[in-house]
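Novice: After the structure tokens below, expect a handful of questions from me.
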Amino acid sequence: MTLIPRVIVCLDVKDGRVVKGTQFRGLRDVGDPVELARRYEEEGADEVVFLDVSASAEGRGTLWETVSRTAAALFVPLTVGGGVRAVGDIADLLRAGADKISVNTAAVARPELLSEGAQRFGSQCVVASIDAAREGERWVAYTHGGRRRTQLDAIGWAVRCAELGAGEILLTSIDQDGARTGYDLELTRRVAERVTVPVIASGGAGSPRHLAEALTAGGASAALLAGILHDGVTTVGEVKRVLMQSGIQVRAA
Amino acid sequence: MKVALIDYGAGNLHSLRKALEVGGAEVDTTTDWNRALSAAALVLPGVGAFGAAVEALGGEASRVQAALQDGYPCLGICLGMQLLFPESEESAGSGIGLIPGRVRRLRSRIVPHMGWNQVETSDDPLFAGVSPLLAYYANSYVCEPEDPSSVIAWTEYEDERFAAAVRSGRTWAVPFHTEKSSVRGLRIVRNILEEVGSA
């Protein structure tokens, strides 16, 4: 009778479509968010994350409609993040059909956003997203999609986010993101030891074994993956088989 | 069969609405208790904070309690389950009070209790065809009914053991999100609708 570690699938959404970055050609359209989210649920994804990468107001409007269509078809939790600025944005996206909202840049700019969101909607739907880069013996938090360095120690910031009311920490290693050589296990473990909310490891998954490491040595409650799934390097089913072989309990599809 | 889905004013109702529709119900999403108590069943959803749900009760707690005691069918999910109790540690205000007991904060190290947890089910019709069950939780609070015989399923998380389903007459209450528990969660919703529809 225990809690099962989660495998979370992340999709980048732009103007109502799922997109994928390729190194030289920018963003490529890879499909309809509703269809892809449903397919990943069928394959056994325990949760789905939409990261909105739309730059325009029109794109944000489309997001509302996308989330609403997805919520009516997806029967595992849906987290939506990207461009969330104020409590009103959180309310709108929850109303549209998101189960949780992740906040990064706006929480650094105004940390009270986390407590306001938690008070109004409950901690369980407020996710603090932290992008961290290693500098010697420490990690520093970045905002604006990893482009802007802050003065914040990433571990201290994670602790503060949880104190403010975030119900979960989505922790992405900027160094490992896209490298496919494994999660930053030390960063993940240090944060997981310091906070008393679930930690989602993100950035660096190159194989199913890396998720197993994040959930054991990293101490994470969940591991997020994106690129290697979308590129067909592995499947959610394969990830779960490997986790099971490593002695980690999983939810069958 | 028409069921009334109460809208506390925040949070995702789409998935639950769709889950009820998939189960064969016609759903009336409402804030009006006259409408809520004149359908075939009442559904109290699981999104928002206790205070907001109490506000949505709009002083109708004793009327709702009386209707449920008279056998008007009800399903309470997560926060909706908490609302069936007299009060909660989370915030002031009175719930429906159908189920005597208390709602307290989890004592586990990692709170919220977030994710898929195993559930020890029983032979209640609620669980037909869904065993073994993994259900999706997103909770910082837990319900403790005074009467242990009302508990029809259990969950263990860290060192805590608590009710995973409570039944009082024709009211069922669960702390997990049926509408987020994939295929088996949808089956639970359908089971309730069939049970309510057949009586």
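The chains in the structure tokens are called A, B, ... from first to last as shown; in each chain the residues are counted from 1, and the ligands are counted from 1 in the order shown.
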Can you pull out the residues contacting Pro145 of chain B? Cut-off 7 Å, using only C-alpha atoms, and skip same-chain residues under 4 positions away; I want them as a ChimeraX atom specification.
Specialist: /B:99-102
Novice: Write out as CSV the residues of chain B that have any atom within 7 Å of an atom of chain A, one row each with the nearest atom pair and its distance in Å to one decimal, counting only C-alpha atoms, sorted by chain and then rising number.
Specialist:
residue,atom,partner,partner_atom,distance
B:Ala10,CA,A:Arg95,CA,6.0
B:Gly11,CA,A:Leu94,CA,4.6
B:Asn12,CA,A:Gly97,CA,4.3
B:Leu13,CA,A:Gly97,CA,6.7
B:His14,CA,A:Ala72,CA,5.3
B:Ser15,CA,A:Ala72,CA,5.0
B:Lys18,CA,A:Ala72,CA,5.6
B:Gly48,CA,A:Phe121,CA,4.7
B:Ala49,CA,A:Gly122,CA,5.5
B:Arg109,CA,A:Thr196,CA,5.9
B:Ile110,CA,A:Thr196,CA,4.6
B:Val111,CA,A:Val197,CA,5.3
B:Pro112,CA,A:Gly167,CA,6.1
B:Gly115,CA,A:Leu3,CA,6.7
B:Trp116,CA,A:Ile4,CA,5.5
B:Asn117,CA,A:Leu3,CA,4.2
B:Gln118,CA,A:Met1,CA,4.8
B:Val119,CA,A:Met1,CA,6.4
B:Ala138,CA,A:Gln124,CA,5.7
B:Asn139,CA,A:Gln124,CA,6.5
B:Thr155,CA,A:Met1,CA,6.3
B:Glu156,CA,A:Met1,CA,5.1
B:Tyr157,CA,A:Thr2,CA,5.6
B:Glu179,CA,A:Phe75,CA,5.7
B:Lys180,CA,A:Val76,CA,4.3
B:Ser181,CA,A:Val76,CA,5.9
B:Ser182,CA,A:Phe75,CA,4.7
Novice: Name the residues in contact with Gly59 of chain B at a cut-off of 12 Å, using only C-alpha atoms, excluding same-chain residues fewer than 2 positions from it; report them as an NGL selection string.
Specialist: :B and (32-33 or 53-57 or 61-65 or 93-96)
Novice: For atom CA of Ile169 of chain A and atom CA of Gly203 of chain A, quote the distance in Å rounded to one decimal.
Specialist: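 Atom CA of Gly203 of chain A lies at a distance of 13.5 Å from atom CA of Ile169 of chain A.
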Novice: For a quick check of understanding, using only C-alpha atoms, which of B:Ala66, B:Val130, B:Ala153, B:Val196 has the smallest distance to Ala39 of chain B?
Specialist: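 Of the candidates, the smallest distance to Ala39 of chain B is held by B:Val196.
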Novice: Could you name the residues that touch Val30 of chain A at 12 Å or less, counting only C-alpha atoms, but leaving out those on the same chain fewer than 6 positions away, as a list in words?
Specialist: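 My reading of the contact set: Leu11, Asp12, Val13, Lys14, Gly16, Arg17, Val18, Val19, Lys20, Gly21, Thr22, Leu36, Gly227, His230 and Asp231 of chain A.
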Novice: For those residues, write N, CA, C and O atoms to a file as an mmCIF file, in the first residue's frame.
Specialist:
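That gives us result04.cif:
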data_model
loop_
_atom_site.group_PDB
_atom_site.id
_atom_site.type_symbol
_atom_site.label_atom_id
_atom_site.label_comp_id
_atom_site.auth_asym_id
_atom_site.auth_seq_id
_atom_site.Cartn_x
_atom_site.Cartn_y
_atom_site.Cartn_z
ATOM 1 N N LEU A 11 5.300 18.038 -22.896
ATOM 2 C CA LEU A 11 5.116 18.450 -24.288
ATOM 3 C C LEU A 11 5.249 19.975 -24.387
ATOM 4 O O LEU A 11 4.645 20.697 -23.597
ATOM 5 N N ASP A 12 6.038 20.446 -25.344
ATOM 6 C CA ASP A 12 6.116 21.885 -25.610
ATOM 7 C C ASP A 12 4.965 22.260 -26.537
ATOM 8 O O ASP A 12 4.807 21.653 -27.600
ATOM 9 N N VAL A 13 4.182 23.253 -26.123
ATOM 10 C CA VAL A 13 3.015 23.647 -26.919
ATOM 11 C C VAL A 13 3.179 25.085 -27.392
ATOM 12 O O VAL A 13 3.532 25.970 -26.604
ATOM 13 N N LYS A 14 2.963 25.288 -28.679
ATOM 14 C CA LYS A 14 3.054 26.643 -29.238
ATOM 15 C C LYS A 14 1.872 26.851 -30.172
ATOM 16 O O LYS A 14 1.656 26.048 -31.083
ATOM 17 N N GLY A 16 -1.164 26.279 -29.945
ATOM 18 C CA GLY A 16 -2.115 25.178 -30.037
ATOM 19 C C GLY A 16 -1.575 23.905 -30.666
ATOM 20 O O GLY A 16 -2.336 22.961 -30.904
ATOM 21 N N ARG A 17 -0.272 23.868 -30.953
ATOM 22 C CA ARG A 17 0.322 22.656 -31.521
ATOM 23 C C ARG A 17 1.508 22.223 -30.665
ATOM 24 O O ARG A 17 2.154 23.040 -30.020
ATOM 25 N N VAL A 18 1.785 20.920 -30.676
ATOM 26 C CA VAL A 18 2.989 20.447 -30.004
ATOM 27 C C VAL A 18 4.171 20.655 -30.941
ATOM 28 O O VAL A 18 4.100 20.311 -32.126
ATOM 29 N N VAL A 19 5.224 21.274 -30.418
ATOM 30 C CA VAL A 19 6.403 21.552 -31.243
ATOM 31 C C VAL A 19 7.632 20.905 -30.609
ATOM 32 O O VAL A 19 7.657 20.571 -29.427
ATOM 33 N N LYS A 20 8.647 20.759 -31.431
ATOM 34 C CA LYS A 20 9.886 20.160 -30.963
ATOM 35 C C LYS A 20 11.036 20.980 -31.504
ATOM 36 O O LYS A 20 11.052 21.325 -32.687
ATOM 37 N N GLY A 21 11.966 21.312 -30.648
ATOM 38 C CA GLY A 21 13.137 22.063 -31.095
ATOM 39 C C GLY A 21 14.121 21.137 -31.783
ATOM 40 O O GLY A 21 14.393 20.050 -31.308
ATOM 41 N N THR A 22 14.615 21.548 -32.921
ATOM 42 C CA THR A 22 15.729 20.810 -33.519
ATOM 43 C C THR A 22 16.894 21.774 -33.558
ATOM 44 O O THR A 22 16.698 22.986 -33.650
ATOM 45 N N LEU A 36 -1.736 13.691 -28.698
ATOM 46 C CA LEU A 36 -0.477 13.213 -28.123
ATOM 47 C C LEU A 36 -0.622 12.920 -26.633
ATOM 48 O O LEU A 36 -0.134 11.900 -26.142
ATOM 49 N N GLY A 227 12.264 14.743 -24.752
ATOM 50 C CA GLY A 227 12.947 14.538 -26.034
ATOM 51 C C GLY A 227 13.094 13.092 -26.461
ATOM 52 O O GLY A 227 12.753 12.727 -27.592
ATOM 53 N N HIS A 230 9.794 11.745 -27.680
ATOM 54 C CA HIS A 230 9.320 12.326 -28.939
ATOM 55 C C HIS A 230 10.191 11.874 -30.109
ATOM 56 O O HIS A 230 9.727 11.775 -31.234
ATOM 57 N N ASP A 231 11.478 11.578 -29.842
ATOM 58 C CA ASP A 231 12.376 11.120 -30.904
ATOM 59 C C ASP A 231 12.306 9.615 -31.113
ATOM 60 O O ASP A 231 13.014 9.074 -31.955
#
Novice: Could you work out how far atom CA of Tyr141 of chain B lies from atom CA of His113 of chain B, giving the answer in Å with one decimal?
Specialist: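 It comes out at 8.6 Å.
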